[in-house]
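**Student:** Sharing model16.cif (mmCIF, C-alpha atoms) below.
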```
data_query
loop_
_atom_site.label_atom_id
_atom_site.label_comp_id
_atom_site.auth_asym_id
_atom_site.auth_seq_id
_atom_site.Cartn_x
_atom_site.Cartn_y
_atom_site.Cartn_z
CA MET P 1 3.48 12.63 -34.24
CA THR P 2 1.26 15.46 -32.94
CA ASP P 3 -1.57 12.99 -32.36
CA GLU P 4 0.79 10.72 -30.47
CA ILE P 5 1.92 13.59 -28.24
CA ILE P 6 -1.68 14.63 -27.55
CA SER P 7 -2.56 11.01 -26.78
CA LEU P 8 0.45 10.79 -24.44
CA ILE P 9 -0.56 13.98 -22.62
CA VAL P 10 -4.15 12.74 -22.19
CA MET P 11 -2.85 9.43 -20.90
CA LEU P 12 -0.45 11.06 -18.43
CA ILE P 13 -3.15 13.40 -17.12
CA ALA P 14 -5.63 10.51 -16.76
CA MET P 15 -3.08 8.37 -14.91
CA THR P 16 -2.16 11.27 -12.63
CA VAL P 17 -5.84 11.95 -11.84
CA GLY P 18 -6.29 8.27 -10.97
CA SER P 19 -3.22 8.37 -8.73
CA ALA P 20 -4.42 11.56 -7.02
CA GLY P 21 -7.63 9.68 -6.26
CA THR P 22 -5.59 6.82 -4.78
CA ALA P 23 -3.67 9.29 -2.59
CA MET P 24 -7.01 10.64 -1.29
CA VAL P 25 -8.47 7.18 -0.67
CA PHE P 26 -5.36 6.22 1.29
CA GLY P 27 -5.55 9.37 3.44
CA ILE P 28 -2.23 10.91 2.46
CA GLU P 29 -1.27 14.05 4.40
CA LYS P 30 -1.98 17.41 2.76
CA ARG P 31 1.66 18.52 3.02
CA VAL P 32 2.83 15.60 0.85
CA PHE P 33 -0.21 15.24 -1.42
CA TRP P 34 1.06 17.24 -4.39
CA TRP P 35 4.54 15.71 -4.12
CA ALA P 36 2.93 12.26 -4.33
CA VAL P 37 0.87 13.37 -7.34
CA LEU P 38 4.04 14.62 -9.03
CA CYS P 39 5.63 11.25 -8.23
CA ALA P 40 2.75 9.51 -10.02
CA PHE P 41 3.09 11.81 -13.03
CA LEU P 42 6.82 11.07 -13.33
CA ALA P 43 6.25 7.32 -12.92
CA ALA P 44 3.52 7.43 -15.59
CA ALA P 45 5.87 9.29 -17.95
CA GLY P 46 8.60 6.75 -17.17
CA PHE P 47 6.22 3.99 -18.20
CA GLU P 48 4.54 5.55 -21.24
CA ILE P 49 7.46 7.32 -23.00
CA PRO P 50 9.69 4.24 -23.45
CA ALA P 51 6.67 2.19 -24.55
CA ARG P 52 5.41 4.74 -27.09
CA PHE P 53 8.58 6.32 -28.48
CA PHE P 54 11.25 3.63 -28.02
CA ALA P 55 9.15 0.50 -28.63
CA ALA P 56 10.12 -0.80 -25.21
CA GLY P 57 8.38 -3.95 -23.99
CA PRO P 58 6.39 -4.17 -20.75
CA PHE P 59 9.40 -5.24 -18.65
CA ILE P 60 11.65 -2.35 -19.74
CA SER P 61 8.84 0.23 -19.48
CA ALA P 62 8.00 -0.94 -15.97
CA LEU P 63 11.69 -1.01 -15.03
CA VAL P 64 12.24 2.60 -16.18
CA SER P 65 9.05 3.69 -14.40
CA ALA P 66 10.15 1.97 -11.17
CA LEU P 67 13.64 3.50 -11.34
CA VAL P 68 12.17 6.99 -11.73
CA LEU P 69 9.53 6.36 -9.06
CA ALA P 70 11.81 4.83 -6.44
CA SER P 71 14.58 7.44 -6.92
CA TYR P 72 12.11 10.31 -6.56
CA ALA P 73 10.35 8.62 -3.61
CA ASP P 74 13.63 8.07 -1.77
CA ILE P 75 14.79 11.65 -2.25
CA MET P 76 11.42 13.14 -1.25
CA ALA P 77 11.09 10.77 1.70
CA HIS P 78 14.40 12.10 2.97
CA LEU P 79 13.44 15.74 2.41
CA LEU P 80 9.85 15.53 3.72
CA LYS P 81 10.67 13.06 6.52
CA VAL P 82 8.01 10.54 5.52
CA PRO P 83 8.32 6.83 4.72
CA ALA P 84 9.14 6.24 1.02
CA THR P 85 6.04 4.00 0.85
CA VAL P 86 3.87 7.12 1.20
CA MET P 87 5.22 8.27 -2.18
CA ILE P 88 5.55 4.83 -3.76
CA ILE P 89 1.95 3.62 -3.29
CA PRO P 90 0.19 6.46 -5.17
CA GLY P 91 3.13 6.70 -7.58
CA ILE P 92 3.15 3.06 -8.60
CA ILE P 93 -0.57 3.02 -9.47
CA PRO P 94 -0.16 4.17 -13.14
CA ALA P 95 2.27 1.36 -13.93
CA VAL P 96 0.94 -1.37 -11.71
CA PRO P 97 -0.86 -4.06 -13.73
CA GLY P 98 -3.99 -4.25 -11.55
CA GLY P 99 -6.33 -3.84 -14.51
CA ARG P 100 -4.44 -6.46 -16.48
CA LEU P 101 -4.54 -8.85 -13.53
CA TYR P 102 -8.32 -8.47 -13.60
CA PHE P 103 -8.44 -9.08 -17.37
CA THR P 104 -6.25 -12.17 -16.84
CA MET P 105 -8.64 -13.55 -14.26
CA GLN P 106 -11.63 -12.58 -16.38
CA ALA P 107 -10.14 -14.59 -19.26
CA ALA P 108 -9.60 -17.54 -16.91
CA VAL P 109 -13.16 -17.33 -15.59
CA SER P 110 -14.60 -17.18 -19.13
CA GLY P 111 -12.33 -19.98 -20.38
CA ASN P 112 -10.43 -17.85 -22.92
CA MET P 113 -7.02 -19.42 -22.38
CA ASP P 114 -5.16 -17.58 -25.19
CA GLU P 115 -6.13 -14.25 -23.64
CA PHE P 116 -5.30 -15.65 -20.20
CA TYR P 117 -1.72 -16.53 -21.25
CA SER P 118 -1.22 -13.27 -23.13
CA GLN P 119 -2.49 -11.00 -20.33
CA GLY P 120 -0.86 -13.13 -17.63
CA ARG P 121 2.53 -12.88 -19.33
CA THR P 122 2.25 -9.08 -19.51
CA VAL P 123 1.22 -8.93 -15.84
CA LEU P 124 4.25 -10.98 -14.82
CA LEU P 125 6.65 -8.91 -16.96
CA ILE P 126 5.36 -5.56 -15.66
CA THR P 127 5.32 -6.74 -12.05
CA ALA P 128 8.84 -8.13 -12.33
CA GLY P 129 10.05 -4.88 -13.94
CA LEU P 130 8.54 -2.79 -11.14
CA ALA P 131 9.97 -5.02 -8.43
CA VAL P 132 13.47 -5.12 -9.95
CA GLY P 133 13.50 -1.32 -10.38
CA ILE P 134 12.41 -0.60 -6.81
CA ILE P 135 14.79 -3.17 -5.33
CA GLY P 136 17.65 -1.78 -7.46
CA VAL P 137 17.13 1.76 -6.18
CA THR P 138 16.70 0.54 -2.60
CA ALA P 139 19.97 -1.40 -2.85
CA ILE P 140 21.79 1.81 -3.83
CA SER P 141 19.96 4.20 -1.51
CA ARG P 142 20.17 2.11 1.67
CA PRO P 143 23.94 2.52 2.21
CA ILE P 144 23.68 6.20 1.24
CA ASN P 145 20.90 6.74 3.80
CA ALA P 146 22.87 4.85 6.44
CA TYR P 147 25.89 7.09 5.77
CA LEU P 148 23.75 10.26 5.94
CA ASN P 149 22.13 9.11 9.21
CA LYS P 150 25.53 8.42 10.76
CA ARG P 151 26.79 11.83 9.65
CA ASN P 152 23.71 13.55 11.12
CA GLN P 153 24.13 11.72 14.42
CA LYS P 154 27.79 12.76 14.58
CA LYS P 155 26.79 16.37 13.90
CA LEU P 156 24.23 16.24 16.71
CA LYS P 157 26.80 14.87 19.15
CA THR P 158 29.39 17.59 18.38
CA MET F 1 -7.61 -8.45 17.22
CA ASN F 2 -4.36 -9.66 18.60
CA GLU F 3 -3.04 -12.24 20.93
CA GLU F 4 -0.01 -11.78 23.06
CA ASN F 5 2.15 -14.30 24.83
CA LEU F 6 4.66 -13.02 27.30
CA ILE F 7 7.42 -15.25 28.56
CA ILE F 8 9.93 -13.89 30.98
CA SER F 9 12.82 -16.25 31.47
CA ASP F 10 15.34 -16.32 34.33
CA SER F 11 14.86 -15.10 37.87
CA HIS F 12 14.37 -11.36 37.45
CA SER F 13 11.11 -10.07 38.83
CA ASP F 14 8.31 -9.16 36.42
CA GLY F 15 8.14 -5.52 35.44
CA GLU F 16 11.65 -4.71 36.63
CA ALA F 17 12.54 -1.18 35.59
CA MET F 18 15.50 -0.40 33.37
CA PRO F 19 17.90 2.53 33.89
CA THR F 20 15.42 4.57 31.81
CA GLY F 21 12.75 3.99 34.49
CA ILE F 22 10.46 2.14 32.08
CA PRO F 23 9.57 -1.51 32.90
CA ARG F 24 11.00 -3.91 30.33
CA GLU F 25 7.61 -5.34 29.38
CA ASP F 26 6.37 -1.81 28.74
CA ALA F 27 9.31 -1.07 26.45
CA VAL F 28 8.60 -4.20 24.40
CA PHE F 29 4.86 -3.44 24.48
CA ILE F 30 5.51 0.02 23.03
CA ALA F 31 7.71 -1.40 20.26
CA MET F 32 5.25 -4.20 19.39
CA GLU F 33 2.19 -1.96 19.51
CA LEU F 34 3.79 0.57 17.20
CA GLY F 35 4.96 -2.22 14.88
CA GLU F 36 1.44 -3.63 14.75
CA GLN F 37 -0.10 -0.25 14.02
CA ILE F 38 2.42 0.38 11.21
CA LEU F 39 1.64 -3.02 9.66
CA ARG F 40 -2.12 -2.41 9.93
CA CYS F 41 -1.98 0.88 8.04
CA GLY F 42 0.13 -0.37 5.14
CA GLY F 43 3.76 -0.18 6.28
CA GLU F 44 6.26 -2.63 4.84
CA VAL F 45 7.32 -5.65 6.84
CA SER F 46 10.94 -4.44 6.86
CA ARG F 47 9.82 -1.10 8.35
CA VAL F 48 7.95 -2.91 11.12
CA GLU F 49 11.01 -5.00 11.98
CA ASP F 50 13.28 -1.96 11.84
CA THR F 51 10.96 0.10 14.06
CA ILE F 52 10.77 -2.60 16.73
CA ARG F 53 14.54 -3.05 16.63
CA ARG F 54 15.24 0.68 16.96
CA ILE F 55 12.76 1.25 19.80
CA CYS F 56 13.98 -1.74 21.80
CA THR F 57 17.58 -0.62 21.30
CA ALA F 58 16.68 2.89 22.49
CA TYR F 59 15.16 1.42 25.67
CA GLY F 60 18.35 -0.48 26.38
CA ALA F 61 17.82 -3.93 24.83
CA THR F 62 21.07 -5.78 24.26
CA ASP F 63 19.87 -8.32 21.69
CA ILE F 64 16.77 -8.21 19.50
CA ASP F 65 15.38 -10.83 17.13
CA VAL F 66 12.25 -9.76 15.32
CA THR F 67 10.37 -11.33 12.43
CA ALA F 68 7.23 -10.02 10.81
CA ILE F 69 4.96 -11.25 8.05
CA MET F 70 1.62 -9.79 6.95
CA SER F 71 -0.32 -11.29 9.84
CA LEU F 72 2.24 -12.03 12.54
CA ILE F 73 5.00 -10.30 14.48
CA VAL F 74 7.34 -12.30 16.72
CA SER F 75 10.04 -10.68 18.79
CA THR F 76 12.59 -11.92 21.28
CA VAL F 77 14.21 -9.06 23.18
CA GLU F 78 17.01 -9.45 25.66
CA PHE F 79 17.84 -6.97 28.43
CA ASP F 80 21.00 -7.93 30.32
CA GLY F 81 20.12 -11.61 30.71
CA GLU F 82 16.35 -11.19 30.92
CA THR F 83 14.45 -12.24 27.80
CA VAL F 84 11.02 -10.97 26.78
CA VAL F 85 9.26 -12.90 24.01
CA ARG F 86 6.10 -11.58 22.44
CA THR F 87 3.93 -12.54 19.49
CA ARG F 88 1.13 -10.65 17.86
CA TRP F 89 -1.45 -12.11 15.50
CA ILE F 90 -2.75 -9.40 13.22
CA THR F 91 -5.94 -9.53 11.21
CA GLY F 92 -7.56 -6.75 9.21
CA GLY F 93 -6.13 -3.31 8.71
CA VAL F 94 -6.72 -0.52 6.23
CA THR F 95 -4.05 1.31 4.24
CA ASN F 96 -3.81 4.83 5.68
CA LEU F 97 -0.71 6.66 4.52
CA GLY F 98 -1.34 9.75 6.67
CA ARG F 99 -1.47 7.58 9.76
CA LEU F 100 1.65 5.74 8.59
CA SER F 101 3.56 9.03 8.37
CA ARG F 102 2.44 10.05 11.85
CA LEU F 103 3.36 6.66 13.31
CA ASN F 104 6.76 7.00 11.68
CA ASP F 105 7.20 10.39 13.36
CA LEU F 106 6.10 8.88 16.67
CA SER F 107 8.68 6.13 16.27
CA ARG F 108 11.46 8.70 15.85
CA ARG F 109 10.16 10.64 18.86
CA ILE F 110 10.03 7.53 21.03
CA CYS F 111 13.68 6.78 20.25
CA ARG F 112 14.61 10.35 21.30
CA THR F 113 12.38 10.86 24.38
CA LEU F 114 11.74 7.30 25.70
CA PRO F 115 8.17 7.92 26.91
CA ASP F 116 6.40 5.63 29.40
CA LYS F 117 3.47 3.41 28.41
CA ALA F 118 0.76 5.93 29.39
CA GLU F 119 2.38 8.75 27.45
CA PHE F 120 2.85 6.49 24.43
CA LEU F 121 -0.80 5.40 24.48
CA GLY F 122 -1.85 9.04 24.74
CA ARG F 123 0.17 9.91 21.65
CA LEU F 124 -1.25 6.91 19.81
CA TYR F 125 -4.77 8.05 20.73
CA ASP F 126 -3.99 11.51 19.34
CA ILE F 127 -2.85 9.94 16.06
CA ASP F 128 -6.01 7.82 15.87
CA ALA F 129 -8.15 10.89 16.46
CA THR F 130 -6.56 12.88 13.64
CA SER F 131 -5.97 10.20 10.99
CA ASN F 132 -9.46 9.17 9.95
CA ILE F 133 -10.21 9.28 6.23
CA SER F 134 -13.52 11.09 5.77
CA SER F 135 -16.28 9.45 3.72
CA LEU F 136 -16.24 12.45 1.39
CA ALA F 137 -12.50 12.20 0.70
CA PHE F 138 -12.85 8.42 0.24
CA THR F 139 -15.71 8.79 -2.24
CA VAL F 140 -14.18 11.67 -4.20
CA GLY F 141 -10.87 9.78 -4.33
CA ASN F 142 -12.61 6.69 -5.73
CA MET F 143 -14.46 8.82 -8.30
CA LEU F 144 -11.12 10.25 -9.47
CA ILE F 145 -9.65 6.73 -9.75
CA ALA F 146 -12.60 5.54 -11.85
CA LEU F 147 -12.51 8.68 -14.02
CA GLY F 148 -8.75 8.55 -14.63
CA PHE F 149 -8.48 4.85 -15.35
CA CYS F 150 -11.58 4.64 -17.51
CA VAL F 151 -9.83 7.16 -19.80
CA VAL F 152 -6.57 5.17 -19.55
CA TRP F 153 -8.42 2.02 -20.76
CA GLY F 154 -9.84 3.90 -23.74
CA GLY F 155 -13.12 5.31 -22.44
CA ASP F 156 -14.75 8.41 -23.98
CA TRP F 157 -16.29 11.21 -21.88
CA LEU F 158 -19.66 9.45 -21.44
CA GLU F 159 -18.10 6.16 -20.37
CA ALA F 160 -15.76 8.03 -17.99
CA LEU F 161 -18.76 9.87 -16.50
CA ILE F 162 -20.74 6.65 -15.98
CA SER F 163 -17.70 4.93 -14.50
CA THR F 164 -17.24 7.89 -12.12
CA LEU F 165 -20.89 7.76 -11.03
CA ILE F 166 -20.77 3.99 -10.41
CA ALA F 167 -17.78 4.63 -8.12
CA VAL F 168 -20.13 6.35 -5.63
CA PRO F 169 -22.25 3.29 -4.68
CA MET F 170 -19.08 1.19 -4.82
CA SER F 171 -17.43 3.51 -2.28
CA ILE F 172 -20.48 3.29 -0.02
CA GLY F 173 -20.33 -0.51 -0.28
CA MET F 174 -16.60 -0.58 0.47
CA ARG F 175 -17.07 1.63 3.54
CA TYR F 176 -20.03 -0.44 4.71
CA PHE F 177 -18.26 -3.79 4.39
CA SER F 178 -15.06 -2.51 5.99
CA GLY F 179 -17.10 -1.82 9.14
CA THR F 180 -18.63 -5.31 9.25
CA LYS F 181 -17.18 -8.76 9.80
CA THR F 182 -18.00 -9.83 6.22
CA ASN F 183 -15.32 -11.92 4.53
CA PRO F 184 -13.35 -9.42 2.37
CA ILE F 185 -13.44 -11.75 -0.67
CA VAL F 186 -17.23 -12.11 -0.43
CA ALA F 187 -17.55 -8.34 0.03
CA LYS F 188 -15.55 -7.77 -3.17
CA VAL F 189 -17.71 -10.24 -5.13
CA ILE F 190 -20.90 -8.48 -3.93
CA ILE F 191 -19.60 -4.97 -4.70
CA CYS F 192 -18.39 -6.00 -8.17
CA PHE F 193 -21.66 -7.80 -8.89
CA PHE F 194 -23.71 -4.65 -8.24
CA ALA F 195 -21.21 -2.44 -10.09
CA GLY F 196 -21.47 -4.84 -13.03
CA VAL F 197 -25.28 -4.64 -12.97
CA LEU F 198 -25.14 -0.83 -12.95
CA ALA F 199 -22.69 -0.83 -15.89
CA LEU F 200 -25.01 -3.21 -17.81
CA ILE F 201 -28.00 -0.93 -17.15
CA ALA F 202 -25.97 2.04 -18.46
CA GLY F 203 -25.05 -0.02 -21.54
CA LYS F 204 -28.73 -0.82 -22.16
CA ILE F 205 -29.82 2.81 -21.78
CA SER F 206 -27.10 4.11 -24.09
CA PRO F 207 -25.97 1.45 -26.63
CA SER F 208 -22.88 3.52 -27.56
CA VAL F 209 -21.50 2.87 -24.06
CA SER F 210 -19.05 -0.04 -23.84
CA VAL F 211 -19.80 -1.93 -20.63
CA GLY F 212 -16.28 -3.39 -20.56
CA THR F 213 -14.66 0.06 -20.66
CA VAL F 214 -16.93 1.37 -17.89
CA ILE F 215 -16.10 -1.66 -15.76
CA SER F 216 -12.36 -1.28 -16.44
CA GLY F 217 -12.40 2.14 -14.73
CA ASP F 218 -14.35 0.86 -11.74
CA ILE F 219 -12.27 -2.26 -11.12
CA MET F 220 -9.31 -0.01 -10.29
CA LEU F 221 -11.06 0.81 -7.00
CA LEU F 222 -10.58 -2.77 -5.88
CA VAL F 223 -7.78 -4.37 -7.88
CA PRO F 224 -4.82 -5.47 -5.76
CA GLY F 225 -2.18 -3.94 -8.03
CA VAL F 226 -0.05 -2.50 -5.23
CA MET F 227 -0.24 -5.80 -3.35
CA LEU F 228 0.90 -7.65 -6.47
CA ALA F 229 3.89 -5.33 -6.97
CA ASN F 230 4.77 -5.55 -3.27
CA SER F 231 4.58 -9.35 -3.40
CA PHE F 232 7.21 -9.45 -6.15
CA ARG F 233 9.26 -6.87 -4.29
CA ASP F 234 9.22 -9.07 -1.18
CA LEU F 235 9.96 -12.23 -3.18
CA LEU F 236 12.90 -10.72 -5.04
CA GLY F 237 14.13 -9.09 -1.83
CA GLY F 238 14.34 -12.51 -0.15
CA ASP F 239 11.26 -12.06 2.06
CA LEU F 240 9.69 -15.22 0.69
CA MET F 241 6.92 -15.82 3.25
CA SER F 242 5.57 -12.31 3.04
CA GLY F 243 5.88 -12.35 -0.76
CA ILE F 244 3.97 -15.63 -1.12
CA PHE F 245 1.21 -14.44 1.24
CA ARG F 246 0.78 -11.20 -0.67
CA LEU F 247 0.81 -12.97 -4.04
CA CYS F 248 -1.91 -15.41 -2.92
CA ALA F 249 -4.00 -12.56 -1.50
CA ALA F 250 -3.61 -10.52 -4.72
CA ILE F 251 -4.64 -13.45 -6.95
CA LEU F 252 -7.63 -14.28 -4.74
CA ASP F 253 -8.75 -10.63 -4.81
CA ALA F 254 -8.46 -10.51 -8.61
CA VAL F 255 -10.44 -13.75 -8.95
CA ALA F 256 -13.14 -12.36 -6.61
CA ILE F 257 -13.44 -9.18 -8.70
CA ALA F 258 -13.59 -11.13 -11.96
CA CYS F 259 -16.22 -13.49 -10.50
CA GLY F 260 -18.38 -10.59 -9.25
CA TYR F 261 -18.51 -9.00 -12.71
CA ALA F 262 -18.78 -12.34 -14.49
CA VAL F 263 -21.83 -13.34 -12.42
CA ALA F 264 -23.51 -9.98 -13.19
CA ILE F 265 -22.87 -10.44 -16.91
CA LEU F 266 -23.99 -14.11 -16.87
CA ILE F 267 -27.25 -13.33 -15.04
CA PHE F 268 -28.18 -9.96 -16.49
CA GLY F 269 -26.06 -9.70 -19.64
CA GLY F 270 -28.91 -10.50 -21.98
CA VAL F 271 -31.75 -9.33 -19.77
CA VAL F 272 -31.07 -5.79 -18.53
#
```
Here is a file; write its structure as structure tokens.
**Tutor:**
Amino acid sequence: MTDEIISLIVMLIAMTVGSAGTAMVFGIEKRVFWWAVLCAFLAAAGFEIPARFFAAGPFISALVSALVLASYADIMAHLLKVPATVMIIPGIIPAVPGGRLYFTMQAAVSGNMDEFYSQGRTVLLITAGLAVGIIGVTAISRPINAYLNKRNQKKLKT
Amino acid sequence: MNEENLIISDSHSDGEAMPTGIPREDAVFIAMELGEQILRCGGEVSRVEDTIRRICTAYGATDIDVTAIMSLIVSTVEFDGETVVRTRWITGGVTNLGRLSRLNDLSRRICRTLPDKAEFLGRLYDIDATSNISSLAFTVGNMLIALGFCVVWGGDWLEALISTLIAVPMSIGMRYFSGTKTNPIVAKVIICFFAGVLALIAGKISPSVSVGTVISGDIMLLVPGVMLANSFRDLLGGDLMSGIFRLCAAILDAVAIACGYAVAILIFGGVV
């Protein structure tokens, strides 16, 4: 159990470092940098914890990660007055199956079709989980944001 | 690079000013220009459409139809019987989240203050001047990506270090090719080929180093993971055209990366 926790911590730190690098490469503003890094850490935890401790499959892990990520991104976007994408892009990096997509294509290029199907299936499940999670949160947050905007406009008028 | 077509229907004179004092073409120009800039620096298609709609409404448009995909924006804006139609063909663009935030702020400000074209272009120039990503930040960022994801894919400290060092020439290559007219797919194949060769050399020097693990950290600099997730997001959200475009682009990018490394391993795998 202790080994698993240490392995989880190493994994979360490594994913967060990678996401911090992504935030730098994409020129994120200094005022939101650490919030975006925290977003990536939470999304990584949302992905790794269900997979390691609850035997969740790739779809469920990605779904939980996306729900955490999109909820946090929406709240912080509202508070920091930035587009939610600014949080979502660095935050989604730990869960996004970019590496697996490469391994899928590598298997295709080298003619290893069993590996191609196996990796490709995981890529599709993770991608679908991420997309469903983000769309789910957006579907809930959009009317809430619209209501808050209307209320703010009314306040400004009075 | 963009192309614009302007069609003014009915008998109103060109450039007629609205009650805000801004000519109608200028109002649509401001909305389209901002939409294009948002799309170029990584904004979602829905944000582009929403921005154009809001700005045109603020300038007094009575009816707005706007459609955007990754490489095209089309808008039809009506001002009391006069219709302005514009299209923009968009190629290239680099994700820049700092610039995206500033453009988003500018969009809000435009809706509040309704600036004229000259003032808008001045503000856009200011954003351009302050939103460049320095080569140092770009390189250090890529080194962090390689370091972090090499560990994620099971690399030890030596493999992570080698992966991090290979990220430096890769960053230089990415910066170089982004400033040229080289086909992005070809550029990715070339960068991955040289990164693969460097990883093979490292594997030859130190046999304990797994070339595959080193490469797995470095591919994260180029893999289109975000594009893949966004493509599914667009598809499931009903934005089919944008989703299909992104999916095709993501798969082509992944194939290019795999080919670049595969060619390096095929040519030098047993030689280096």
**Student:** Please identify every residue of chain F that has at least one atom no farther than 8 Å from an atom of chain P, counting all atoms listed in the file, and for each give the shortest atom pair and the distance in Å to one decimal, arranged by chain then increasing number, as a Markdown table.
**Tutor:**
```
| residue | atom | partner | partner_atom | distance |
| --- | --- | --- | --- | --- |
| F:Gly43 | CA | P:Thr85 | CA | 7.2 |
| F:Glu44 | CA | P:Thr85 | CA | 7.7 |
| F:Thr95 | CA | P:Phe26 | CA | 5.9 |
| F:Asn96 | CA | P:Phe26 | CA | 4.9 |
| F:Leu97 | CA | P:Ile28 | CA | 5.0 |
| F:Gly98 | CA | P:Ile28 | CA | 4.5 |
| F:Arg99 | CA | P:Gly27 | CA | 7.7 |
| F:Leu100 | CA | P:Pro83 | CA | 7.8 |
| F:Ser101 | CA | P:Val82 | CA | 5.5 |
| F:Asn104 | CA | P:Pro83 | CA | 7.1 |
| F:Asp105 | CA | P:Val82 | CA | 7.9 |
| F:Ser131 | CA | P:Gly27 | CA | 7.6 |
| F:Asn132 | CA | P:Gly27 | CA | 7.6 |
| F:Ile133 | CA | P:Gly27 | CA | 5.4 |
| F:Ala137 | CA | P:Met24 | CA | 6.0 |
| F:Phe138 | CA | P:Val25 | CA | 4.6 |
| F:Thr139 | CA | P:Val25 | CA | 7.6 |
| F:Val140 | CA | P:Gly21 | CA | 7.1 |
| F:Gly141 | CA | P:Gly21 | CA | 3.8 |
| F:Asn142 | CA | P:Gly21 | CA | 5.8 |
| F:Met143 | CA | P:Gly21 | CA | 7.2 |
| F:Leu144 | CA | P:Gly21 | CA | 4.8 |
| F:Ile145 | CA | P:Gly18 | CA | 3.9 |
| F:Ala146 | CA | P:Gly18 | CA | 6.9 |
| F:Leu147 | CA | P:Gly18 | CA | 6.9 |
| F:Gly148 | CA | P:Ala14 | CA | 4.3 |
| F:Phe149 | CA | P:Gly18 | CA | 6.0 |
| F:Val151 | CA | P:Ala14 | CA | 6.2 |
| F:Val152 | CA | P:Met11 | CA | 5.8 |
| F:Ser216 | CA | P:Gly99 | CA | 6.8 |
| F:Ile219 | CA | P:Gly99 | CA | 7.0 |
| F:Met220 | CA | P:Gly99 | CA | 6.4 |
| F:Val223 | CA | P:Gly98 | CA | 5.3 |
| F:Pro224 | CA | P:Gly98 | CA | 6.0 |
| F:Gly225 | CA | P:Gly98 | CA | 4.0 |
| F:Val226 | CA | P:Val96 | CA | 6.7 |
| F:Leu228 | CA | P:Thr127 | CA | 7.2 |
| F:Ala229 | CA | P:Thr127 | CA | 5.5 |
| F:Asn230 | CA | P:Ala131 | CA | 7.3 |
| F:Phe232 | CA | P:Ala131 | CA | 5.7 |
| F:Arg233 | CA | P:Ala131 | CA | 4.6 |
| F:Leu236 | CA | P:Ala131 | CA | 7.3 |
| F:Gly237 | CA | P:Ile135 | CA | 6.9 |
| F:Ala254 | CA | P:Tyr102 | CA | 5.4 |
| F:Val255 | CA | P:Met105 | CA | 5.6 |
| F:Ile257 | CA | P:Tyr102 | CA | 7.1 |
| F:Ala258 | CA | P:Gln106 | CA | 5.0 |
| F:Cys259 | CA | P:Val109 | CA | 7.1 |
| F:Ala262 | CA | P:Gln106 | CA | 7.4 |
```
**Student:** Could you dump the residues just selected with C-alpha atoms as a CSV table (one decimal), in the coordinates of the input?
**Tutor:**
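Result file selection31.csv:
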```csv
chain,number,residue,atom,x,y,z
F,43,GLY,CA,3.8,-0.2,6.3
F,44,GLU,CA,6.3,-2.6,4.8
F,95,THR,CA,-4.0,1.3,4.2
F,96,ASN,CA,-3.8,4.8,5.7
F,97,LEU,CA,-0.7,6.7,4.5
F,98,GLY,CA,-1.3,9.8,6.7
F,99,ARG,CA,-1.5,7.6,9.8
F,100,LEU,CA,1.6,5.7,8.6
F,101,SER,CA,3.6,9.0,8.4
F,104,ASN,CA,6.8,7.0,11.7
F,105,ASP,CA,7.2,10.4,13.4
F,131,SER,CA,-6.0,10.2,11.0
F,132,ASN,CA,-9.5,9.2,10.0
F,133,ILE,CA,-10.2,9.3,6.2
F,137,ALA,CA,-12.5,12.2,0.7
F,138,PHE,CA,-12.8,8.4,0.2
F,139,THR,CA,-15.7,8.8,-2.2
F,140,VAL,CA,-14.2,11.7,-4.2
F,141,GLY,CA,-10.9,9.8,-4.3
F,142,ASN,CA,-12.6,6.7,-5.7
F,143,MET,CA,-14.5,8.8,-8.3
F,144,LEU,CA,-11.1,10.2,-9.5
F,145,ILE,CA,-9.6,6.7,-9.8
F,146,ALA,CA,-12.6,5.5,-11.8
F,147,LEU,CA,-12.5,8.7,-14.0
F,148,GLY,CA,-8.8,8.6,-14.6
F,149,PHE,CA,-8.5,4.8,-15.4
F,151,VAL,CA,-9.8,7.2,-19.8
F,152,VAL,CA,-6.6,5.2,-19.6
F,216,SER,CA,-12.4,-1.3,-16.4
F,219,ILE,CA,-12.3,-2.3,-11.1
F,220,MET,CA,-9.3,0.0,-10.3
F,223,VAL,CA,-7.8,-4.4,-7.9
F,224,PRO,CA,-4.8,-5.5,-5.8
F,225,GLY,CA,-2.2,-3.9,-8.0
F,226,VAL,CA,0.0,-2.5,-5.2
F,228,LEU,CA,0.9,-7.6,-6.5
F,229,ALA,CA,3.9,-5.3,-7.0
F,230,ASN,CA,4.8,-5.6,-3.3
F,232,PHE,CA,7.2,-9.4,-6.2
F,233,ARG,CA,9.3,-6.9,-4.3
F,236,LEU,CA,12.9,-10.7,-5.0
F,237,GLY,CA,14.1,-9.1,-1.8
F,254,ALA,CA,-8.5,-10.5,-8.6
F,255,VAL,CA,-10.4,-13.8,-9.0
F,257,ILE,CA,-13.4,-9.2,-8.7
F,258,ALA,CA,-13.6,-11.1,-12.0
F,259,CYS,CA,-16.2,-13.5,-10.5
F,262,ALA,CA,-18.8,-12.3,-14.5
```
**Student:** Compile the contact shell of Gly243 in chain F as a ChimeraX atom specification: residues with an atom at most 7 Å away, counting only C-alpha atoms, same-chain residues fewer than 4 positions apart removed.
**Tutor:** /F:231-232,234-235,239,247
**Student:** Applying 12 Å and only C-alpha atoms, which residues near range 111-121 of chain F remain after dropping the ones on its own chain fewer than 4 positions away? List them as a PyMOL selection string.
**Tutor:** (chain P and resi 153) or (chain F and resi 17-34+37+51-60+103-107+125-128)
**Student:** CA of Asp156 in chain F to CA of Pro169 in chain F: how many Å, to one decimal?
**Tutor:**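 Pair CA of Asp156 in chain F / CA of Pro169 in chain F returns 21.3 Å.
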